[in-house]
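S.K.: Data: query_3.csv, CSV, C-alpha atoms and all ligand atoms.
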chain,number,residue,atom,x,y,z
P,277,GLN,CA,-40.0,-69.9,81.9
P,278,PHE,CA,-39.5,-67.1,84.3
P,279,SER,CA,-35.8,-67.9,84.6
P,280,GLU,CA,-35.6,-67.3,80.8
P,281,ILE,CA,-36.9,-63.7,81.0
P,282,PRO,CA,-34.0,-61.6,79.6
P,283,LEU,CA,-32.3,-59.4,82.2
P,284,GLN,CA,-33.8,-55.9,81.8
P,285,PRO,CA,-31.7,-52.8,81.8
P,286,LYS,CA,-32.4,-50.5,84.8
P,287,ASP,CA,-34.4,-47.4,84.1
P,288,ALA,CA,-31.7,-44.7,83.5
P,289,ALA,CA,-33.6,-41.8,85.1
P,290,PHE,CA,-34.9,-43.6,88.2
P,291,SER,CA,-31.5,-45.3,88.8
P,292,LEU,CA,-29.9,-41.8,88.8
P,293,ILE,CA,-32.4,-40.6,91.5
P,294,GLU,CA,-31.7,-43.7,93.6
P,295,ALA,CA,-28.0,-43.1,93.3
P,296,PHE,CA,-28.5,-39.5,94.4
P,297,HIS,CA,-30.4,-40.5,97.5
P,298,ALA,CA,-27.9,-43.2,98.3
P,299,ASP,CA,-24.9,-40.8,98.1
P,300,PRO,CA,-23.9,-39.6,101.6
P,301,PHE,CA,-22.0,-36.6,100.4
P,302,PRO,CA,-23.5,-33.6,102.3
P,303,GLN,CA,-23.0,-31.1,99.6
P,304,LYS,CA,-24.5,-33.2,96.8
P,305,VAL,CA,-26.6,-31.3,94.2
P,306,ASP,CA,-29.6,-32.9,92.6
P,307,LEU,CA,-29.4,-32.1,88.9
P,308,CYS,CA,-32.0,-34.7,87.8
P,309,PRO,CA,-34.6,-32.8,85.8
P,310,GLY,CA,-38.2,-33.8,86.5
P,311,PHE,CA,-39.2,-32.3,89.8
P,312,TYR,CA,-39.5,-28.6,90.8
P,313,ARG,CA,-37.7,-27.7,94.0
P,314,ASP,CA,-37.9,-24.6,96.2
P,315,GLU,CA,-35.0,-22.4,97.5
P,316,ASN,CA,-34.1,-25.1,100.0
P,317,ALA,CA,-34.1,-27.8,97.3
P,318,LYS,CA,-37.3,-29.2,98.8
P,319,PRO,CA,-40.5,-30.2,97.0
P,320,TRP,CA,-42.9,-27.2,96.7
P,321,ILE,CA,-46.6,-27.5,97.3
P,322,LEU,CA,-48.2,-24.9,95.2
P,323,PRO,CA,-50.3,-22.4,97.3
P,324,SER,CA,-53.3,-23.0,94.9
P,325,VAL,CA,-52.9,-26.8,95.6
P,326,ALA,CA,-52.7,-26.3,99.3
P,327,LEU,CA,-55.9,-24.2,99.2
P,328,ALA,CA,-57.7,-26.7,97.1
P,329,LYS,CA,-56.8,-29.4,99.6
P,330,GLN,CA,-58.1,-27.4,102.5
P,331,ARG,CA,-61.4,-26.9,100.6
P,332,LEU,CA,-61.7,-30.6,99.8
P,333,GLN,CA,-61.0,-31.5,103.5
P,334,ALA,CA,-63.7,-29.1,104.7
P,335,ASP,CA,-66.3,-30.3,102.2
P,336,PRO,CA,-68.4,-33.3,103.6
P,337,SER,CA,-69.6,-34.2,100.1
P,338,GLU,CA,-65.9,-34.9,99.1
P,339,ALA,CA,-65.1,-36.9,102.2
P,340,HIS,CA,-65.2,-40.4,100.6
P,341,HIS,CA,-63.1,-42.7,98.6
P,342,GLU,CA,-65.5,-43.6,95.9
P,343,HIS,CA,-64.6,-44.3,92.3
P,344,LEU,CA,-64.6,-41.5,89.7
P,345,PRO,CA,-66.7,-42.2,86.6
P,346,MET,CA,-64.7,-44.4,84.1
P,347,GLN,CA,-64.1,-41.4,81.8
P,348,GLY,CA,-62.7,-39.4,84.7
P,349,HIS,CA,-63.7,-36.4,86.9
P,350,PRO,CA,-66.1,-34.3,84.8
P,351,LYS,CA,-64.8,-30.9,85.9
P,352,LEU,CA,-61.2,-32.1,85.4
P,353,LEU,CA,-62.0,-33.1,81.9
P,354,SER,CA,-63.8,-29.9,81.0
P,355,GLY,CA,-61.1,-27.8,82.6
P,356,ALA,CA,-58.4,-29.8,80.8
P,357,ARG,CA,-60.0,-29.3,77.4
P,358,GLU,CA,-60.3,-25.6,78.0
P,359,LEU,CA,-56.6,-25.3,79.0
P,360,VAL,CA,-55.5,-27.2,75.9
P,361,PHE,CA,-57.9,-25.9,73.2
P,362,GLY,CA,-59.1,-22.6,74.7
P,363,ARG,CA,-62.7,-21.5,75.0
P,364,ASP,CA,-65.1,-21.5,72.0
P,365,VAL,CA,-64.0,-24.8,70.5
P,366,GLU,CA,-66.3,-27.4,68.9
P,367,LEU,CA,-66.2,-29.9,71.8
P,368,GLN,CA,-68.2,-32.5,69.9
P,369,ARG,CA,-65.2,-33.2,67.7
P,370,ILE,CA,-63.0,-34.1,70.7
P,371,ALA,CA,-63.0,-37.4,72.7
P,372,SER,CA,-61.4,-36.9,76.1
P,373,ILE,CA,-60.6,-39.3,78.9
P,374,GLN,CA,-58.7,-38.9,82.2
P,375,THR,CA,-55.5,-41.0,82.3
P,376,VAL,CA,-52.9,-42.1,84.7
P,377,SER,CA,-50.9,-38.9,84.2
P,378,GLY,CA,-48.9,-38.0,81.1
P,379,THR,CA,-47.4,-41.4,80.8
P,380,GLY,CA,-50.8,-43.1,80.8
P,381,ALA,CA,-52.0,-40.6,78.2
P,382,ASN,CA,-49.1,-41.4,75.9
P,383,HIS,CA,-49.6,-45.1,76.5
P,384,PHE,CA,-53.3,-44.9,75.7
P,385,ALA,CA,-52.6,-42.8,72.6
P,386,ALA,CA,-50.0,-45.4,71.4
P,387,GLN,CA,-52.5,-48.2,72.0
P,388,LEU,CA,-55.5,-46.5,70.3
P,389,LEU,CA,-53.5,-45.2,67.4
P,390,SER,CA,-51.7,-48.5,66.7
P,391,GLU,CA,-55.1,-50.1,66.7
P,392,VAL,CA,-57.1,-47.5,64.6
P,393,ILE,CA,-54.5,-45.8,62.4
P,394,LYS,CA,-52.1,-48.8,62.2
P,395,PRO,CA,-49.1,-46.7,61.4
P,396,LYS,CA,-46.0,-48.2,59.9
P,397,ASN,CA,-43.8,-45.8,61.7
P,398,VAL,CA,-43.9,-43.6,64.7
P,399,TRP,CA,-41.6,-40.6,64.4
P,400,ILE,CA,-39.9,-39.4,67.6
P,401,SER,CA,-37.5,-36.5,68.0
P,402,ALA,CA,-33.9,-37.2,68.5
P,403,PRO,CA,-33.4,-36.9,71.4
P,404,SER,CA,-36.7,-37.2,73.2
P,405,TRP,CA,-38.2,-38.1,76.6
P,406,ILE,CA,-36.8,-41.5,77.1
P,407,ASN,CA,-40.3,-43.0,77.7
P,408,HIS,CA,-41.7,-42.2,74.2
P,409,THR,CA,-39.6,-45.0,72.6
P,410,GLU,CA,-40.3,-47.3,75.6
P,411,ILE,CA,-44.0,-46.8,75.5
P,412,TRP,CA,-44.4,-47.5,71.8
P,413,GLU,CA,-42.0,-50.4,72.0
P,414,ASN,CA,-44.1,-52.0,74.7
P,415,VAL,CA,-47.5,-51.3,73.2
P,416,ASN,CA,-46.7,-52.6,69.7
P,417,ASP,CA,-43.1,-53.6,68.8
P,418,SER,CA,-44.0,-54.1,65.1
P,419,ILE,CA,-44.4,-50.4,64.6
P,420,ASN,CA,-41.0,-48.9,63.6
P,421,LYS,CA,-39.6,-46.3,65.9
P,422,ARG,CA,-38.0,-43.8,63.6
P,423,PHE,CA,-36.2,-40.6,64.8
P,424,TYR,CA,-36.3,-37.2,63.2
P,425,PRO,CA,-33.4,-34.8,63.9
P,426,TYR,CA,-34.2,-32.1,66.4
P,427,TYR,CA,-31.1,-31.0,68.3
P,428,ARG,CA,-27.8,-30.3,66.8
P,429,LYS,CA,-24.9,-31.0,69.2
P,430,GLU,CA,-22.3,-29.0,67.3
P,431,ASP,CA,-23.9,-25.6,68.0
P,432,GLN,CA,-26.4,-26.6,70.6
P,433,SER,CA,-29.3,-25.5,68.5
P,434,LEU,CA,-32.5,-26.7,66.9
P,435,ASP,CA,-32.0,-28.8,63.7
P,436,PHE,CA,-35.2,-27.6,62.1
P,437,THR,CA,-34.1,-28.2,58.6
P,438,GLY,CA,-33.2,-31.8,59.5
P,439,MET,CA,-36.5,-32.3,61.2
P,440,VAL,CA,-38.6,-31.0,58.2
P,441,ASP,CA,-36.4,-32.7,55.6
P,442,THR,CA,-36.6,-36.1,57.3
P,443,LEU,CA,-40.3,-35.9,57.9
P,444,SER,CA,-41.0,-34.7,54.4
P,445,SER,CA,-38.8,-37.2,52.6
P,446,GLN,CA,-39.0,-40.4,54.7
P,447,SER,CA,-42.5,-40.5,56.4
P,448,ARG,CA,-45.4,-42.4,55.0
P,449,PRO,CA,-49.1,-41.5,55.0
P,450,GLY,CA,-50.6,-42.6,58.3
P,451,ASP,CA,-47.4,-42.4,60.3
P,452,VAL,CA,-47.7,-41.0,63.8
P,453,VAL,CA,-45.4,-38.0,64.6
P,454,VAL,CA,-44.8,-37.3,68.3
P,455,LEU,CA,-44.4,-33.5,68.9
P,456,HIS,CA,-43.6,-31.8,72.2
P,457,ALA,CA,-46.2,-29.0,72.6
P,458,CYS,CA,-43.7,-26.9,74.6
P,459,ALA,CA,-40.5,-27.3,76.7
P,460,HIS,CA,-39.0,-30.0,74.5
P,461,ASN,CA,-37.6,-32.7,76.7
P,462,PRO,CA,-34.6,-32.9,77.0
P,463,SER,CA,-33.3,-30.0,74.9
P,464,GLY,CA,-35.4,-27.2,76.2
P,465,LEU,CA,-35.5,-25.8,72.7
P,466,ASP,CA,-39.0,-25.1,71.2
P,467,LEU,CA,-40.1,-24.3,67.7
P,468,SER,CA,-41.1,-20.7,66.7
P,469,VAL,CA,-44.6,-19.9,65.5
P,470,GLU,CA,-43.4,-19.9,61.9
P,471,GLN,CA,-41.7,-23.3,62.4
P,472,TRP,CA,-44.8,-24.8,63.8
P,473,LYS,CA,-46.7,-23.6,60.8
P,474,THR,CA,-44.2,-25.4,58.5
P,475,VAL,CA,-44.5,-28.6,60.6
P,476,ALA,CA,-48.3,-28.4,60.4
P,477,SER,CA,-48.1,-28.1,56.6
P,478,VAL,CA,-45.8,-31.2,56.4
P,479,CYS,CA,-48.3,-33.1,58.6
P,480,VAL,CA,-51.2,-32.1,56.3
P,481,GLU,CA,-49.3,-32.8,53.0
P,482,LYS,CA,-47.8,-36.1,54.1
P,483,LYS,CA,-51.0,-37.1,55.9
P,484,LEU,CA,-49.2,-37.7,59.2
P,485,PHE,CA,-51.0,-38.1,62.5
P,486,PRO,CA,-49.6,-35.6,65.0
P,487,LEU,CA,-49.5,-36.7,68.7
P,488,PHE,CA,-48.8,-33.8,70.9
P,489,ASP,CA,-47.2,-34.4,74.3
P,490,SER,CA,-48.1,-31.5,76.5
P,491,ALA,CA,-46.4,-32.0,79.9
P,492,TYR,CA,-45.4,-28.5,80.6
P,493,GLN,CA,-48.2,-26.1,79.8
P,494,GLY,CA,-47.8,-22.9,81.8
P,495,PHE,CA,-44.7,-24.3,83.3
P,496,ALA,CA,-42.5,-23.5,80.3
P,497,THR,CA,-43.2,-19.8,79.8
P,498,GLY,CA,-45.6,-19.1,82.6
P,499,ASP,CA,-48.2,-18.3,79.9
P,500,LEU,CA,-50.9,-20.9,79.4
P,501,GLU,CA,-51.8,-19.6,75.9
P,502,LYS,CA,-48.3,-19.4,74.6
P,503,ASP,CA,-47.5,-22.9,75.7
P,504,ALA,CA,-50.6,-24.2,73.9
P,505,TRP,CA,-50.1,-22.2,70.8
P,506,ALA,CA,-49.1,-25.0,68.5
P,507,ILE,CA,-51.9,-27.3,69.5
P,508,ARG,CA,-54.5,-24.5,69.0
P,509,TYR,CA,-53.0,-23.7,65.6
P,510,PHE,CA,-53.3,-27.4,64.6
P,511,TYR,CA,-56.9,-27.4,65.9
P,512,GLY,CA,-57.6,-24.4,63.6
P,513,LEU,CA,-56.6,-26.4,60.5
P,514,SER,CA,-59.8,-27.9,59.4
P,515,HIS,CA,-60.0,-31.7,59.1
P,516,LEU,CA,-56.6,-32.3,60.6
P,517,GLU,CA,-57.0,-35.1,63.1
P,518,PHE,CA,-54.6,-35.4,66.0
P,519,ALA,CA,-54.2,-36.3,69.7
P,520,VAL,CA,-53.0,-34.5,72.8
P,521,ALA,CA,-51.4,-36.3,75.8
P,522,GLN,CA,-51.7,-33.9,78.7
P,523,SER,CA,-50.0,-34.1,82.1
P,524,PHE,CA,-50.7,-32.2,85.2
P,525,SER,CA,-47.7,-33.4,87.1
P,526,LYS,CA,-45.4,-30.4,86.6
P,527,ASN,CA,-47.8,-27.5,86.2
P,528,PHE,CA,-49.6,-28.4,89.5
P,529,GLY,CA,-46.6,-30.0,91.2
P,530,ILE,CA,-48.6,-33.2,91.9
P,531,TYR,CA,-46.2,-35.7,90.4
P,532,GLY,CA,-47.2,-38.7,92.5
P,533,GLU,CA,-51.0,-38.1,92.1
P,534,ARG,CA,-50.8,-39.3,88.5
P,535,ILE,CA,-53.3,-36.9,86.8
P,536,GLY,CA,-53.5,-36.4,83.1
P,537,ALA,CA,-55.8,-36.6,80.1
P,538,LEU,CA,-55.9,-37.8,76.5
P,539,HIS,CA,-57.8,-35.8,73.9
P,540,LEU,CA,-58.5,-37.1,70.4
P,541,VAL,CA,-59.5,-34.5,67.8
P,542,VAL,CA,-61.4,-36.3,65.1
P,543,ASN,CA,-63.4,-35.3,62.1
P,544,SER,CA,-67.0,-35.6,63.3
P,545,ALA,CA,-69.1,-35.9,66.4
P,546,GLU,CA,-69.9,-39.4,65.5
P,547,ALA,CA,-66.3,-40.4,65.2
P,548,ALA,CA,-65.6,-38.7,68.6
P,549,GLN,CA,-68.4,-40.8,70.2
P,550,ARG,CA,-67.0,-44.0,68.7
P,551,THR,CA,-63.4,-43.0,69.8
P,552,LEU,CA,-64.6,-42.4,73.3
P,553,GLY,CA,-66.4,-45.7,73.4
P,554,ARG,CA,-63.2,-47.5,72.5
P,555,LEU,CA,-61.2,-45.5,75.1
P,556,LEU,CA,-63.7,-46.3,77.8
P,557,ARG,CA,-63.3,-50.0,77.0
P,558,LEU,CA,-59.5,-49.7,77.2
P,559,GLN,CA,-59.9,-47.8,80.5
P,560,ARG,CA,-62.2,-50.5,82.0
P,561,ALA,CA,-59.8,-53.3,81.1
P,562,GLN,CA,-56.7,-51.5,82.4
P,563,ILE,CA,-57.6,-49.4,85.5
P,564,THR,CA,-61.4,-49.3,85.7
P,565,SER,CA,-61.4,-45.7,86.9
P,566,PRO,CA,-58.6,-43.1,87.1
P,567,PRO,CA,-57.0,-41.6,90.2
P,568,SER,CA,-59.4,-39.5,92.3
P,569,TYR,CA,-57.7,-37.3,94.8
P,570,GLY,CA,-55.4,-35.4,92.4
P,571,ALA,CA,-58.3,-35.1,90.0
P,572,LYS,CA,-60.3,-33.4,92.7
P,573,ILE,CA,-57.5,-31.0,93.4
P,574,VAL,CA,-57.0,-30.0,89.8
P,575,ALA,CA,-60.8,-29.8,89.1
P,576,THR,CA,-61.3,-27.6,92.2
P,577,ILE,CA,-58.6,-25.2,91.0
P,578,LEU,CA,-59.7,-25.1,87.4
P,579,SER,CA,-63.3,-24.5,88.3
P,580,ASP,CA,-62.8,-21.7,90.8
P,581,GLU,CA,-61.9,-18.1,89.8
P,582,GLU,CA,-59.9,-17.3,92.9
P,583,LEU,CA,-58.0,-20.5,93.0
P,584,PHE,CA,-57.3,-20.3,89.2
P,585,LYS,CA,-55.8,-16.8,89.7
P,586,GLN,CA,-53.6,-18.2,92.5
P,587,TRP,CA,-52.5,-21.0,90.2
P,588,LEU,CA,-51.5,-18.5,87.5
P,589,LYS,CA,-49.3,-16.8,90.1
P,590,ASP,CA,-47.8,-20.2,91.1
P,591,LEU,CA,-47.0,-20.9,87.5
P,592,ASP,CA,-45.4,-17.5,87.1
P,593,HIS,CA,-43.4,-18.1,90.3
P,594,MET,CA,-42.0,-21.5,89.2
P,595,SER,CA,-41.2,-20.5,85.6
P,596,GLY,CA,-39.8,-17.1,86.7
P,597,ARG,CA,-37.6,-18.7,89.4
P,598,ILE,CA,-36.2,-21.2,86.9
P,599,LYS,CA,-35.5,-18.4,84.5
P,600,GLN,CA,-33.6,-16.5,87.2
P,601,MET,CA,-31.6,-19.6,88.1
P,602,ARG,CA,-30.6,-20.1,84.5
P,603,LYS,CA,-29.4,-16.5,84.3
P,604,ARG,CA,-27.4,-16.9,87.6
P,605,LEU,CA,-25.8,-20.1,86.3
P,606,TYR,CA,-25.0,-18.3,83.0
P,607,ASP,CA,-23.5,-15.3,84.8
P,608,GLU,CA,-21.4,-17.5,87.2
P,609,LEU,CA,-20.0,-19.6,84.3
P,610,LYS,CA,-19.1,-16.5,82.4
P,611,LYS,CA,-17.5,-14.9,85.4
P,612,ARG,CA,-15.3,-17.9,85.7
P,613,ASP,CA,-14.4,-17.9,82.0
P,614,THR,CA,-15.7,-21.4,81.8
P,615,PRO,CA,-14.6,-22.8,78.4
P,616,GLY,CA,-17.5,-23.3,75.9
P,617,SER,CA,-20.5,-21.3,74.8
P,618,TRP,CA,-23.2,-20.9,77.4
P,619,ASP,CA,-25.6,-18.6,75.5
P,620,HIS,CA,-28.0,-21.5,75.0
P,621,LEU,CA,-28.8,-21.4,78.7
P,622,LEU,CA,-30.7,-18.2,78.1
P,623,VAL,CA,-32.7,-19.5,75.2
P,624,GLU,CA,-33.8,-22.9,76.5
P,625,VAL,CA,-36.8,-23.2,78.7
P,626,THR,CA,-37.6,-24.9,82.1
P,627,TRP,CA,-35.1,-27.1,83.7
P,628,PHE,CA,-33.9,-28.7,80.4
P,629,SER,CA,-30.6,-27.8,78.9
P,630,SER,CA,-29.1,-29.3,75.8
P,631,ASN,CA,-25.4,-29.7,76.7
P,632,LEU,CA,-25.7,-29.7,80.5
P,633,LEU,CA,-28.4,-32.3,80.9
P,634,LEU,CA,-28.6,-34.2,77.6
P,635,CYS,CA,-26.6,-37.0,79.3
P,636,HIS,CA,-29.2,-37.2,82.1
P,637,PRO,CA,-32.5,-38.8,81.1
P,638,SER,CA,-35.4,-37.2,82.8
P,639,CYS,CA,-38.4,-38.8,84.5
O,1,LIG,N1,-44.0,-36.2,78.5
O,1,LIG,C1,-42.9,-35.6,78.7
O,1,LIG,C2,-42.2,-34.9,77.6
O,1,LIG,C3,-42.3,-35.6,80.0
O,1,LIG,O1,-41.2,-34.9,80.2
O,1,LIG,C4,-43.0,-36.2,81.0
O,1,LIG,C5,-42.5,-36.2,82.4
O,1,LIG,N2,-41.2,-36.0,82.6
O,1,LIG,C6,-44.2,-36.9,80.7
O,1,LIG,C7,-44.7,-36.9,79.5
O,1,LIG,C8,-45.1,-37.6,81.7
O,1,LIG,O2,-45.0,-37.3,83.0
O,1,LIG,P1,-46.1,-37.9,84.0
O,1,LIG,O3,-46.4,-39.3,83.7
O,1,LIG,O4,-45.4,-37.8,85.3
O,1,LIG,O5,-47.2,-37.0,84.0
Starting from the coordinates I provided, produce the structure as structure tokens.
Ligand code: PMP
M.R.:
Amino acid sequence: QFSEIPLQPKDAAFSLIEAFHADPFPQKVDLCPGFYRDENAKPWILPSVALAKQRLQADPSEAHHEHLPMQGHPKLLSGARELVFGRDVELQRIASIQTVSGTGANHFAAQLLSEVIKPKNVWISAPSWINHTEIWENVNDSINKRFYPYYRKEDQSLDFTGMVDTLSSQSRPGDVVVLHACAHNPSGLDLSVEQWKTVASVCVEKKLFPLFDSAYQGFATGDLEKDAWAIRYFYGLSHLEFAVAQSFSKNFGIYGERIGALHLVVNSAEAAQRTLGRLLRLQRAQITSPPSYGAKIVATILSDEELFKQWLKDLDHMSGRIKQMRKRLYDELKKRDTPGSWDHLLVEVTWFSSNLLLCHPSC
């Protein structure tokens, strides 16, 4: 039977990275979005991460390779919740679990929601992170993958009217809608505060289940609060249930450590307990306990005032440098009278750009 397995297409993003590494041209430039690089095009270890690693190394109580609890590192989970929802939230309403990075959080969300909500459709932005479709297809191929307009090629702008019209007219109660909390991948175009409010009303009116993908908090604007605004607004709408798939890959630069979390905001403390119970069972069957080393790094930074301050500086450094590079690119293109309009380079955030990179799927 193995010889009958259909040939699978290669992963577009990872094939591009392989092709880049294989290319012997000395002046090659890596334009694959997905990993922050320093001035010398090398991976950057955040100073806050370097300090946390030193502390862990020097602490005899951390010098072991034991399992984390099934739910995850307790300080990572409490820090993760505070980052997403802020202080002063009703934690009893939230079920959280540490996941294998943002990908694992999206996967768990797809698995749990297809089991509990049983959506007929999952709505994904067109375009979106390539893995959204892939994950839902692999978890449950009987749920329809539907696409709401998001990016308009003609003028490189957000198609907000298309998004709202499609969701309002074509979705069904109980459908899941995947929303990028900030730094929409791959367009780099985010909704304004007013636009988020409209999307929230559509979700309430149409009884949709929002699933936020938050892979760039603090990395998008350098401001943790701003990048979590939409999620916190949705949280403030009483009785709206939703999920947040959180990744720490980019904002801590710990891509290979695979650290993330999934949060389910539900209507009661009892529902949260039941949800957590189900998530723990899924965790046990799939990975038993989540990755430990990266969780200790993030937990150390989030629970220490001095390291946290350093981390804020690191976020500011990364997002600020990306902004400067975008401006440089814009200036150089303009200087050369390069045909086309390049203004969008100054509006979009992070390393994403609609017409430059739309053809490059990101990791
Ligand atoms: N969601 C989005 C929108 C992403 O862009 C990414 C990474 N590119 C992820 C989730 C997941 O990343 P990871 O699994 O590396 O945390």
S.K.: Hey, which of P:Ser433, P:Gln493, P:Ser324, P:Ser544 ends up closest to ligand LIG 1 (chain O)? Count all atoms listed in the file.
M.R.: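 That would be P:Gln493, the residue with the smallest distance to ligand LIG 1 (chain O).
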S.K.: Find, counting all atoms listed in the file, the residue in P:Pro319, P:Gly536, P:Gly450, P:Gly498 that gets nearest to ligand LIG 1 (chain O).
M.R.: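 For ligand LIG 1 (chain O), the nearest of the candidates is P:Gly536.
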S.K.: Which value, in Å to one decimal, gives the distance between CA of Arg428 in chain P and CA of Val453 in chain P?
M.R.: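 About the pair CA of Arg428 in chain P and CA of Val453 in chain P: they are 19.3 Å apart.
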S.K.: Given the choices P:Asp306, P:Glu358, P:Glu517, P:Asp314, which gets closest to Phe488 in chain P if the distance is worked out from all atoms listed in the file?
M.R.: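 Ranking P:Asp306, P:Glu358, P:Glu517, P:Asp314 by distance to Phe488 in chain P, first place goes to P:Glu517.
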S.K.: Measuring atom to atom with only C-alpha atoms and all ligand atoms, identify which of P:Cys479, P:Val469, P:Val454, P:Ala356 is nearest to ligand LIG 1 (chain O).
M.R.: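 Of the candidates, the smallest distance to ligand LIG 1 (chain O) is held by P:Val454.
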S.K.: Which residue, P:Asn407, P:Thr379, P:Asn416, P:Asn316, has the smallest gap to ligand LIG 1 (chain O) when you use all atoms listed in the file?
M.R.: P:Thr379
S.K.: Fewer than 2 positions away in the same chain doesn't count, so skip those; otherwise give me all residues within 9 Å of Leu540 in chain P, counting only C-alpha atoms, as a VMD selection string.
M.R.: chain P and resid 369 to 372 385 517 to 521 538 542 548 551 to 552
S.K.: Grab me every residue within 6 Å of ligand LIG 1 (chain O), counting only C-alpha atoms and all ligand atoms, and send it over as a PyMOL selection string.
M.R.: chain P and resi 310+377-379+405+461+489+491+523+525+531+638-639
S.K.: Just how far from CA of Leu307 in chain P is CA of Arg602 in chain P, in Å to one decimal?
M.R.: 12.8 Å
